[in-house]
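Data file: coords_12.txt. Format and content: compact mmCIF, C-alpha atoms.
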# COMPACT_ATOMS: atom_id res chain seq x y z
CA MET A 1 0.00 0.00 0.00
CA HIS A 2 1.14 3.59 -0.51
CA GLY A 3 2.70 5.82 2.15
CA THR A 4 0.49 5.93 5.21
CA GLN A 5 -1.61 3.15 3.66
CA THR A 6 1.15 0.63 4.31
CA ILE A 7 0.04 -2.43 6.25
CA PRO A 8 1.50 -2.09 9.75
CA VAL A 9 4.57 -4.22 10.25
CA GLY A 10 7.32 -3.96 12.81
CA ARG A 11 9.55 -5.70 15.29
CA VAL A 12 6.90 -6.13 17.99
CA ARG A 13 4.41 -8.98 18.02
CA ASP A 14 1.75 -8.33 15.39
CA GLY A 15 -1.63 -9.25 16.86
CA ALA A 16 -3.30 -8.97 13.46
CA LEU A 17 -0.86 -11.47 12.01
CA ASP A 18 -1.47 -13.93 14.85
CA LEU A 19 -5.21 -13.49 14.33
CA LEU A 20 -4.79 -14.19 10.62
CA LYS A 21 -2.93 -17.42 11.40
CA TRP A 22 -5.57 -18.60 13.87
CA LEU A 23 -8.37 -17.86 11.40
CA ALA A 24 -6.46 -19.67 8.65
CA LEU A 25 -6.10 -22.68 10.96
CA LEU A 26 -9.81 -22.58 11.79
CA SER A 27 -10.70 -22.38 8.09
CA MET A 28 -8.49 -25.40 7.38
CA VAL A 29 -10.12 -27.47 10.13
CA LEU A 30 -13.59 -26.51 8.87
CA ASP A 31 -12.59 -27.55 5.36
CA HIS A 32 -11.30 -30.92 6.52
CA LEU A 33 -14.42 -31.58 8.59
CA ARG A 34 -16.02 -32.41 5.24
CA TYR A 35 -14.14 -35.72 5.35
CA VAL A 36 -15.41 -37.04 8.69
CA GLY A 37 -18.47 -38.69 7.20
CA LEU A 38 -21.14 -36.03 7.74
CA ASN A 39 -22.96 -33.98 5.10
CA LEU A 40 -20.86 -30.84 5.47
CA ASP A 41 -20.09 -29.93 1.85
CA GLY A 42 -20.86 -26.26 2.54
CA LEU A 43 -17.70 -26.03 4.64
CA TYR A 44 -15.78 -26.05 1.35
CA VAL A 45 -16.55 -22.32 1.08
CA PRO A 46 -14.91 -21.04 4.32
CA GLY A 47 -12.19 -23.64 3.72
CA ARG A 48 -11.03 -21.65 0.66
CA LEU A 49 -9.70 -18.98 3.04
CA ALA A 50 -7.09 -21.21 4.66
CA PHE A 51 -4.42 -21.54 1.98
CA PRO A 52 -4.31 -17.89 0.83
CA TRP A 53 -4.20 -16.72 4.44
CA PHE A 54 -1.29 -19.03 5.24
CA CYS A 55 0.46 -17.64 2.14
CA LEU A 56 -0.27 -14.11 3.32
CA ALA A 57 1.18 -14.97 6.74
CA ILE A 58 4.40 -16.11 5.03
CA ALA A 59 4.53 -12.88 3.02
CA ALA A 60 3.88 -10.75 6.10
CA ASN A 61 6.60 -12.56 8.07
CA LEU A 62 9.08 -12.02 5.25
CA HIS A 63 8.13 -8.36 5.01
CA ARG A 64 8.52 -7.85 8.74
CA ALA A 65 11.93 -9.55 8.75
CA ARG A 66 13.27 -7.96 5.56
CA ASN A 67 15.99 -6.04 7.45
CA SER A 68 16.58 -8.66 10.15
CA PRO A 69 19.22 -11.42 10.27
CA VAL A 70 18.39 -14.23 7.86
CA MET A 71 18.83 -17.02 10.44
CA GLY A 72 15.21 -16.75 11.57
CA GLN A 73 14.03 -17.20 7.99
CA TRP A 74 16.12 -20.36 7.62
CA ARG A 75 14.55 -21.72 10.82
CA TYR A 76 11.15 -20.88 9.34
CA LEU A 77 11.99 -22.94 6.23
CA GLY A 78 13.43 -25.73 8.36
CA TRP A 79 10.24 -26.10 10.40
CA LEU A 80 8.14 -26.15 7.23
CA LEU A 81 10.30 -28.88 5.71
CA LEU A 82 10.39 -30.93 8.92
CA PHE A 83 6.63 -30.91 9.32
CA SER A 84 6.15 -31.52 5.60
CA VAL A 85 7.68 -34.94 6.28
CA ILE A 86 6.00 -35.52 9.65
CA SER A 87 2.56 -34.59 8.31
CA GLU A 88 2.51 -36.76 5.21
CA VAL A 89 1.47 -39.99 6.93
CA PRO A 90 -1.37 -38.43 9.00
CA TYR A 91 -2.48 -36.61 5.85
CA ARG A 92 -2.58 -39.83 3.82
CA LEU A 93 -4.39 -41.67 6.62
CA PHE A 94 -7.12 -39.04 6.74
CA ILE A 95 -7.43 -38.21 3.02
CA ASP A 96 -7.75 -41.73 1.61
CA ASP A 97 -7.68 -40.76 -2.06
CA ALA A 98 -5.10 -37.96 -1.82
CA ASP A 99 -3.40 -37.37 -5.19
CA THR A 100 -1.04 -34.62 -3.97
CA LEU A 101 1.39 -34.09 -1.13
CA ASN A 102 0.21 -32.24 1.97
CA VAL A 103 0.16 -28.45 1.76
CA LEU A 104 3.45 -27.76 3.57
CA PRO A 105 5.76 -28.55 0.60
CA THR A 106 3.81 -26.00 -1.43
CA LEU A 107 4.29 -23.39 1.31
CA ALA A 108 8.00 -24.23 1.67
CA LEU A 109 8.63 -23.77 -2.06
CA GLY A 110 6.57 -20.60 -2.01
CA LEU A 111 8.68 -19.27 0.86
CA LEU A 112 11.89 -19.90 -1.10
CA ILE A 113 10.57 -18.11 -4.18
CA ALA A 114 9.26 -15.12 -2.25
CA ARG A 115 12.47 -14.90 -0.22
CA GLY A 116 14.60 -15.04 -3.37
CA TRP A 117 12.64 -12.13 -4.82
CA GLN A 118 13.03 -10.14 -1.61
CA GLN A 119 16.71 -10.81 -0.79
CA LYS A 120 18.15 -10.53 -4.31
CA ALA A 121 21.43 -12.26 -3.31
CA LEU A 122 22.75 -14.76 -5.84
CA PHE A 123 22.38 -17.69 -3.41
CA ASP A 124 18.77 -16.78 -2.59
CA ARG A 125 17.93 -16.23 -6.24
CA GLY A 126 19.46 -19.62 -7.04
CA LEU A 127 17.29 -21.35 -4.44
CA ALA A 128 14.25 -19.51 -5.79
CA LEU A 129 15.06 -20.74 -9.30
CA ILE A 130 15.43 -24.31 -8.04
CA ALA A 131 12.11 -24.02 -6.17
CA THR A 132 10.41 -22.64 -9.29
CA THR A 133 11.78 -25.52 -11.37
CA ILE A 134 10.51 -28.06 -8.83
CA ALA A 135 7.11 -26.37 -8.84
CA VAL A 136 6.91 -26.56 -12.64
CA VAL A 137 8.07 -30.17 -12.91
CA PHE A 138 6.02 -31.51 -9.99
CA SER A 139 3.01 -29.20 -10.28
CA THR A 140 0.51 -32.07 -10.32
CA GLN A 141 2.01 -33.57 -7.14
CA LEU A 142 1.84 -30.29 -5.21
CA MET A 143 -1.33 -29.20 -3.48
CA PHE A 144 -2.59 -26.06 -5.28
CA GLY A 145 -0.03 -26.66 -8.02
CA PHE A 146 2.37 -24.18 -9.60
CA PHE A 147 0.17 -21.16 -8.96
CA GLY A 148 -0.13 -22.14 -5.31
CA VAL A 149 3.66 -21.97 -5.03
CA LEU A 150 3.58 -18.47 -6.53
CA LEU A 151 0.92 -17.16 -4.14
CA PRO A 152 3.28 -16.12 -1.26
CA LEU A 153 5.27 -14.02 -3.76
CA ALA A 154 2.08 -12.50 -5.16
CA MET A 155 1.08 -11.60 -1.60
CA LEU A 156 4.51 -10.14 -0.85
CA LEU A 157 4.35 -7.89 -3.91
CA VAL A 158 1.28 -6.15 -2.51
CA PHE A 159 3.14 -4.67 0.47
CA ARG A 160 4.21 -1.05 -0.02
CA ARG A 161 2.43 -0.84 -3.36
CA PRO A 162 -0.81 0.86 -4.48
CA TRP A 163 -4.06 -0.86 -3.55
CA TYR A 164 -4.74 -2.11 -7.07
CA PHE A 165 -1.81 -4.54 -6.77
CA SER A 166 -4.17 -6.57 -4.55
CA VAL A 167 -5.74 -7.84 -7.78
CA LEU A 168 -2.60 -9.92 -8.46
CA PRO A 169 -2.86 -12.37 -5.52
CA CYS A 170 -6.62 -12.63 -6.12
CA VAL A 171 -6.03 -13.85 -9.69
CA VAL A 172 -3.22 -16.20 -8.60
CA CYS A 173 -5.42 -17.59 -5.80
CA VAL A 174 -8.22 -18.38 -8.26
CA ALA A 175 -5.73 -20.03 -10.63
CA ALA A 176 -4.42 -22.20 -7.78
CA ASN A 177 -7.89 -23.50 -6.92
CA GLN A 178 -8.97 -25.34 -10.08
CA TRP A 179 -11.26 -22.54 -11.20
CA GLN A 180 -12.20 -24.40 -14.38
CA VAL A 181 -13.56 -27.34 -12.38
CA LEU A 182 -15.46 -25.07 -9.99
CA LEU A 183 -16.91 -23.01 -12.83
CA ALA A 184 -17.91 -26.09 -14.81
CA SER A 185 -19.62 -27.55 -11.76
CA GLY A 186 -21.95 -24.58 -11.48
CA SER A 187 -23.24 -25.70 -8.07
CA PRO A 188 -23.90 -23.00 -5.47
CA VAL A 189 -21.14 -24.38 -3.24
CA ALA A 190 -18.61 -24.44 -6.10
CA LEU A 191 -19.47 -20.92 -7.24
CA ALA A 192 -19.39 -19.60 -3.68
CA GLY A 193 -16.02 -21.30 -3.22
CA LEU A 194 -14.74 -19.66 -6.40
CA ALA A 195 -15.90 -16.25 -5.18
CA THR A 196 -14.19 -16.87 -1.84
CA CYS A 197 -10.92 -17.69 -3.61
CA LEU A 198 -11.20 -14.39 -5.47
CA ILE A 199 -11.72 -12.22 -2.41
CA ALA A 200 -9.67 -14.18 0.18
CA PRO A 201 -6.38 -12.27 -0.39
CA ILE A 202 -8.11 -8.89 -0.05
CA LEU A 203 -9.98 -10.01 3.07
CA GLY A 204 -6.69 -11.11 4.61
CA LEU A 205 -4.98 -7.82 3.73
CA VAL A 206 -7.87 -5.86 5.23
CA LEU A 207 -7.61 -7.93 8.41
CA LEU A 208 -3.86 -7.25 8.70
CA ARG A 209 -4.46 -3.56 8.26
CA HIS A 210 -7.42 -3.04 10.55
CA ALA A 211 -7.02 -5.67 13.31
CA LYS A 212 -3.69 -4.34 14.58
CA ASN A 213 -5.10 -3.99 18.11
CA ALA A 214 -6.08 -7.67 18.28
CA SER A 215 -4.34 -9.72 20.94
CA PRO A 216 -4.97 -13.43 20.31
CA PRO A 217 -2.58 -16.03 21.76
CA ALA A 218 0.77 -15.87 19.98
CA MET A 219 1.16 -18.64 17.43
CA ARG A 220 4.71 -19.91 17.94
CA ARG A 221 6.69 -22.93 16.81
CA TRP A 222 4.45 -25.41 18.62
CA ALA A 223 1.72 -24.46 16.16
CA TYR A 224 3.42 -26.49 13.41
CA ALA A 225 2.40 -29.63 15.32
CA LEU A 226 -1.25 -28.64 14.97
CA TYR A 227 -1.16 -29.53 11.28
CA PRO A 228 -0.46 -33.28 11.61
CA ALA A 229 -2.33 -33.42 14.93
CA HIS A 230 -5.59 -32.14 13.45
CA PHE A 231 -5.54 -34.94 10.85
CA LEU A 232 -5.22 -37.53 13.60
CA LEU A 233 -7.97 -35.95 15.69
CA LEU A 234 -10.35 -35.76 12.73
CA LEU A 235 -9.49 -39.35 11.81
CA ALA A 236 -10.44 -40.41 15.33
CA LEU A 237 -13.68 -38.44 15.01
CA ARG A 238 -14.49 -40.19 11.71
CA HIS A 239 -13.94 -43.61 13.27
CA SER A 240 -16.14 -42.68 16.23
CA LEU A 241 -18.95 -41.66 13.84
CA ALA A 242 -18.65 -44.78 11.70
What is this file in structure tokens?
Amino acid sequence: MHGTQTIPVGRVRDGALDLLKWLALLSMVLDHLRYVGLNLDGLYVPGRLAFPWFCLAIAANLHRARNSPVMGQWRYLGWLLLFSVISEVPYRLFIDDADTLNVLPTLALGLLIARGWQQKALFDRGLALIATTIAVVFSTQLMFGFFGVLLPLAMLLVFRRPWYFSVLPCVVCVAANQWQVLLASGSPVALAGLATCLIAPILGLVLLRHAKNASPPAMRRWAYALYPAHFLLLLALRHSLA
């Protein structure tokens, strides 16, 4: 955003960013509740908020740390990669017919690409190029595909730019969510989900800008464990309902 319109970022704990992460987590759990054996297809709509808001959280963290030592960003990548591996088995147990990896590899590649754009050092640009190549070659194996990997960068580009740049992540978000399939379906849930994909980045940006006085519990490293844990809890719920 321009001048005084810039989304507030700084060294102190950002309550709006923590709120965004909690809401993204809630959206993800709601989305996955569709797989516990109840008729909850409508939860697909709020579930479309989860991925773009996690991508926005990555972009916001990178923006906040742009002038800080890079060690924290490497730890960030390390935790994503570690839990990418840890989460794959719970993910496969819960999503029986999964045809992609869990979402964390997509976020890890997206972090590398966005970081390479931001840092501009040869090493970082090289990693970003490798991540982009992986995303192109293995697009069908990655959740949300190639465009999903690009979404953190699209989010990062919005910071410190005029408001109309917000259109970019909206378009990328729609492209990452199989818009052709949703449009061809034509069902109210599919069309509402498509509309949610379109507005999710802007909703997240508005939240970061206007919820700066929020004070939810800080989401720290332990929160990574919530991703595999929620699959196991929902799997237990599905077995109890069977």
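With all atoms listed in the file as the atoms that count, the residue of A:Arg238, A:Arg66, A:His32, A:Lys21 with the shortest distance to Trp53 of chain A is A:Lys21.
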Check which residues of segment 81-185 of chain A sit at most 7 Å from segment 220-233 of chain A using all atoms listed in the file, and return one row each with the closest pair of atoms and their distance in Å to one decimal, ordered by chain and rising number, as a Markdown table.
| residue | atom | partner | partner_atom | distance |
| --- | --- | --- | --- | --- |
| A:Phe83 | CA | A:Tyr224 | CA | 6.8 |
| A:Ser87 | CA | A:Pro228 | CA | 4.7 |
| A:Pro90 | CA | A:Phe231 | CA | 5.7 |
| A:Tyr91 | CA | A:Phe231 | CA | 6.1 |
| A:Phe94 | CA | A:Phe231 | CA | 6.0 |
Tell me which protein, DNA and RNA residues are within 12 Å of Ala195 of chain A, counting only C-alpha atoms, leaving out same-chain ones fewer than 6 positions away, and put them as a compact mmCIF listing (two decimals) with C-alpha atoms, in the frame of the given file.
# COMPACT_ATOMS: atom_id res chain seq x y z
CA TYR A 44 -15.78 -26.05 1.35
CA VAL A 45 -16.55 -22.32 1.08
CA PRO A 46 -14.91 -21.04 4.32
CA ARG A 48 -11.03 -21.65 0.66
CA LEU A 49 -9.70 -18.98 3.04
CA CYS A 170 -6.62 -12.63 -6.12
CA VAL A 171 -6.03 -13.85 -9.69
CA CYS A 173 -5.42 -17.59 -5.80
CA VAL A 174 -8.22 -18.38 -8.26
CA ASN A 177 -7.89 -23.50 -6.92
CA TRP A 179 -11.26 -22.54 -11.20
CA LEU A 182 -15.46 -25.07 -9.99
CA LEU A 183 -16.91 -23.01 -12.83
CA PRO A 188 -23.90 -23.00 -5.47
CA VAL A 189 -21.14 -24.38 -3.24
CA PRO A 201 -6.38 -12.27 -0.39
CA ILE A 202 -8.11 -8.89 -0.05
CA LEU A 203 -9.98 -10.01 3.07
Which of these residues is nearest to Ile130 of chain A, using only C-alpha atoms: A:Leu101, A:Met155, A:Ile113, A:Ala200? A:Ile113
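The gap separating atom CA of Ala59 of chain A from atom CA of Leu111 of chain A is 7.9 Å, in Å to one decimal.
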Between A:Val206, A:Asp18, A:Gly110, A:Thr196, which has the minimum distance to Phe144 of chain A (counting all atoms listed in the file)? A:Gly110
Quick one: residues within 7 Å of segment 105-107 of chain A, all atoms listed in the file counted, chain neighbours fewer than 5 positions away excluded, as a PyMOL selection string? chain A and resi 55+81+84+142-143+148-149
Nearest to Pro52 of chain A among A:Ala184, A:Leu157, A:Ala98, A:Met28, with distances taken over only C-alpha atoms: which residue is it? A:Met28
4 Å per side around segment 95-106 of chain A: axis-aligned box centre and edge lengths, as JSON:
{"center_x": -1.0, "center_y": -33.9, "center_z": -0.8, "size_x": 21.5, "size_y": 23.7, "size_z": 16.8}
Counting all atoms listed in the file, what is within 8 Å of Phe147 of chain A, bar same-chain residues fewer than 5 positions away, as an mmCIF file with C-alpha atoms, in the frame of the given file?
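And here's out_16.cif as it stands now:
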data_model
loop_
_atom_site.group_PDB
_atom_site.id
_atom_site.type_symbol
_atom_site.label_atom_id
_atom_site.label_comp_id
_atom_site.auth_asym_id
_atom_site.auth_seq_id
_atom_site.Cartn_x
_atom_site.Cartn_y
_atom_site.Cartn_z
ATOM 1 C CA VAL A 172 -3.220 -16.200 -8.600
ATOM 2 C CA CYS A 173 -5.420 -17.590 -5.800
ATOM 3 C CA ALA A 175 -5.730 -20.030 -10.630
ATOM 4 C CA ALA A 176 -4.420 -22.200 -7.780
#
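For the choices A:Leu191, A:Leu241, A:Leu43, A:Ala128, the atom-to-atom distance to Ala114 of chain A is smallest for A:Ala128 when using only C-alpha atoms.
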Pick from A:Phe54, A:Phe159, A:Trp22, A:Phe123 nearest to Val103 of chain A, counting only C-alpha atoms: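 Among A:Phe54, A:Phe159, A:Trp22, A:Phe123, it is A:Phe54 that comes nearest to Val103 of chain A.
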What does the distance from atom CA of Arg160 of chain A to atom CA of Ala131 of chain A come to in Å, to one decimal? 25.1 Å
Taking (-5.4, -4.3, -3.7) in the file's own coordinates, collect the residues within 9 Å, counting only C-alpha atoms, and hand them back as an NGL selection string. :A and (1 or 158 or 161-170 or 201-202 or 205)
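Going from atom CA of Ala60 of chain A over to atom CA of Asp14 of chain A, you cover 9.8 Å.
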At a cut-off of 8 Å, using only C-alpha atoms, what residues contact Ser215 of chain A? Leave out same-chain residues fewer than 3 positions from it and give the result as a PyMOL selection string. chain A and resi 15-16+18-19
What would segment 100-111 of chain A look like with all heavy atoms in place, written as a compact mmCIF listing (two decimals), keeping the file's coordinate frame?
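Here's the written file rebuild.txt:
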# COMPACT_ATOMS: atom_id res chain seq x y z
N THR A 100 -2.13 -35.59 -4.10
CA THR A 100 -1.04 -34.62 -3.97
C THR A 100 -0.38 -34.81 -2.61
O THR A 100 -0.90 -35.48 -1.73
CB THR A 100 -1.55 -33.16 -4.07
OG1 THR A 100 -2.36 -32.86 -2.91
CG2 THR A 100 -2.35 -32.94 -5.34
N LEU A 101 0.76 -34.17 -2.44
CA LEU A 101 1.39 -34.09 -1.13
C LEU A 101 0.58 -33.17 -0.23
O LEU A 101 -0.32 -32.46 -0.69
CB LEU A 101 2.81 -33.55 -1.27
CG LEU A 101 3.79 -34.37 -2.11
CD1 LEU A 101 5.07 -33.59 -2.34
CD2 LEU A 101 4.08 -35.71 -1.45
N ASN A 102 0.87 -33.18 1.07
CA ASN A 102 0.21 -32.24 1.97
C ASN A 102 0.61 -30.82 1.59
O ASN A 102 1.49 -30.60 0.76
CB ASN A 102 0.52 -32.57 3.43
CG ASN A 102 1.97 -32.29 3.80
OD1 ASN A 102 2.36 -31.15 4.05
ND2 ASN A 102 2.79 -33.34 3.85
N VAL A 103 0.00 -29.84 2.20
CA VAL A 103 0.16 -28.45 1.76
C VAL A 103 1.51 -27.84 2.12
O VAL A 103 1.95 -26.86 1.50
CB VAL A 103 -0.99 -27.58 2.33
CG1 VAL A 103 -0.77 -27.28 3.81
CG2 VAL A 103 -1.15 -26.30 1.52
N LEU A 104 2.23 -28.40 3.09
CA LEU A 104 3.45 -27.76 3.57
C LEU A 104 4.57 -27.70 2.52
O LEU A 104 5.30 -26.70 2.48
CB LEU A 104 3.93 -28.42 4.85
CG LEU A 104 2.99 -28.29 6.05
CD1 LEU A 104 3.62 -28.88 7.31
CD2 LEU A 104 2.60 -26.83 6.30
N PRO A 105 4.77 -28.71 1.67
CA PRO A 105 5.76 -28.55 0.60
C PRO A 105 5.45 -27.37 -0.32
O PRO A 105 6.37 -26.66 -0.75
CB PRO A 105 5.70 -29.88 -0.15
CG PRO A 105 5.25 -30.87 0.87
CD PRO A 105 4.27 -30.12 1.72
N THR A 106 4.19 -27.15 -0.61
CA THR A 106 3.81 -26.00 -1.43
C THR A 106 4.21 -24.70 -0.73
O THR A 106 4.77 -23.79 -1.36
CB THR A 106 2.29 -26.00 -1.69
OG1 THR A 106 1.92 -27.22 -2.33
CG2 THR A 106 1.88 -24.83 -2.57
N LEU A 107 3.94 -24.61 0.56
CA LEU A 107 4.29 -23.39 1.31
C LEU A 107 5.80 -23.22 1.40
O LEU A 107 6.30 -22.09 1.32
CB LEU A 107 3.67 -23.45 2.71
CG LEU A 107 2.14 -23.41 2.77
CD1 LEU A 107 1.65 -23.57 4.21
CD2 LEU A 107 1.59 -22.12 2.17
N ALA A 108 6.55 -24.32 1.57
CA ALA A 108 8.00 -24.23 1.67
C ALA A 108 8.60 -23.72 0.36
O ALA A 108 9.49 -22.84 0.36
CB ALA A 108 8.59 -25.59 2.04
N LEU A 109 8.15 -24.25 -0.77
CA LEU A 109 8.63 -23.77 -2.06
C LEU A 109 8.24 -22.32 -2.28
O LEU A 109 9.03 -21.52 -2.80
CB LEU A 109 8.07 -24.66 -3.19
CG LEU A 109 8.59 -26.09 -3.24
CD1 LEU A 109 7.80 -26.91 -4.25
CD2 LEU A 109 10.08 -26.12 -3.59
N GLY A 110 7.02 -21.98 -1.87
CA GLY A 110 6.57 -20.60 -2.01
C GLY A 110 7.42 -19.64 -1.18
O GLY A 110 7.71 -18.52 -1.62
N LEU A 111 7.81 -20.09 0.01
CA LEU A 111 8.68 -19.27 0.86
C LEU A 111 10.03 -19.02 0.18
O LEU A 111 10.55 -17.89 0.18
CB LEU A 111 8.89 -19.97 2.20
CG LEU A 111 9.95 -19.37 3.15
CD1 LEU A 111 9.58 -17.95 3.54
CD2 LEU A 111 10.10 -20.24 4.39
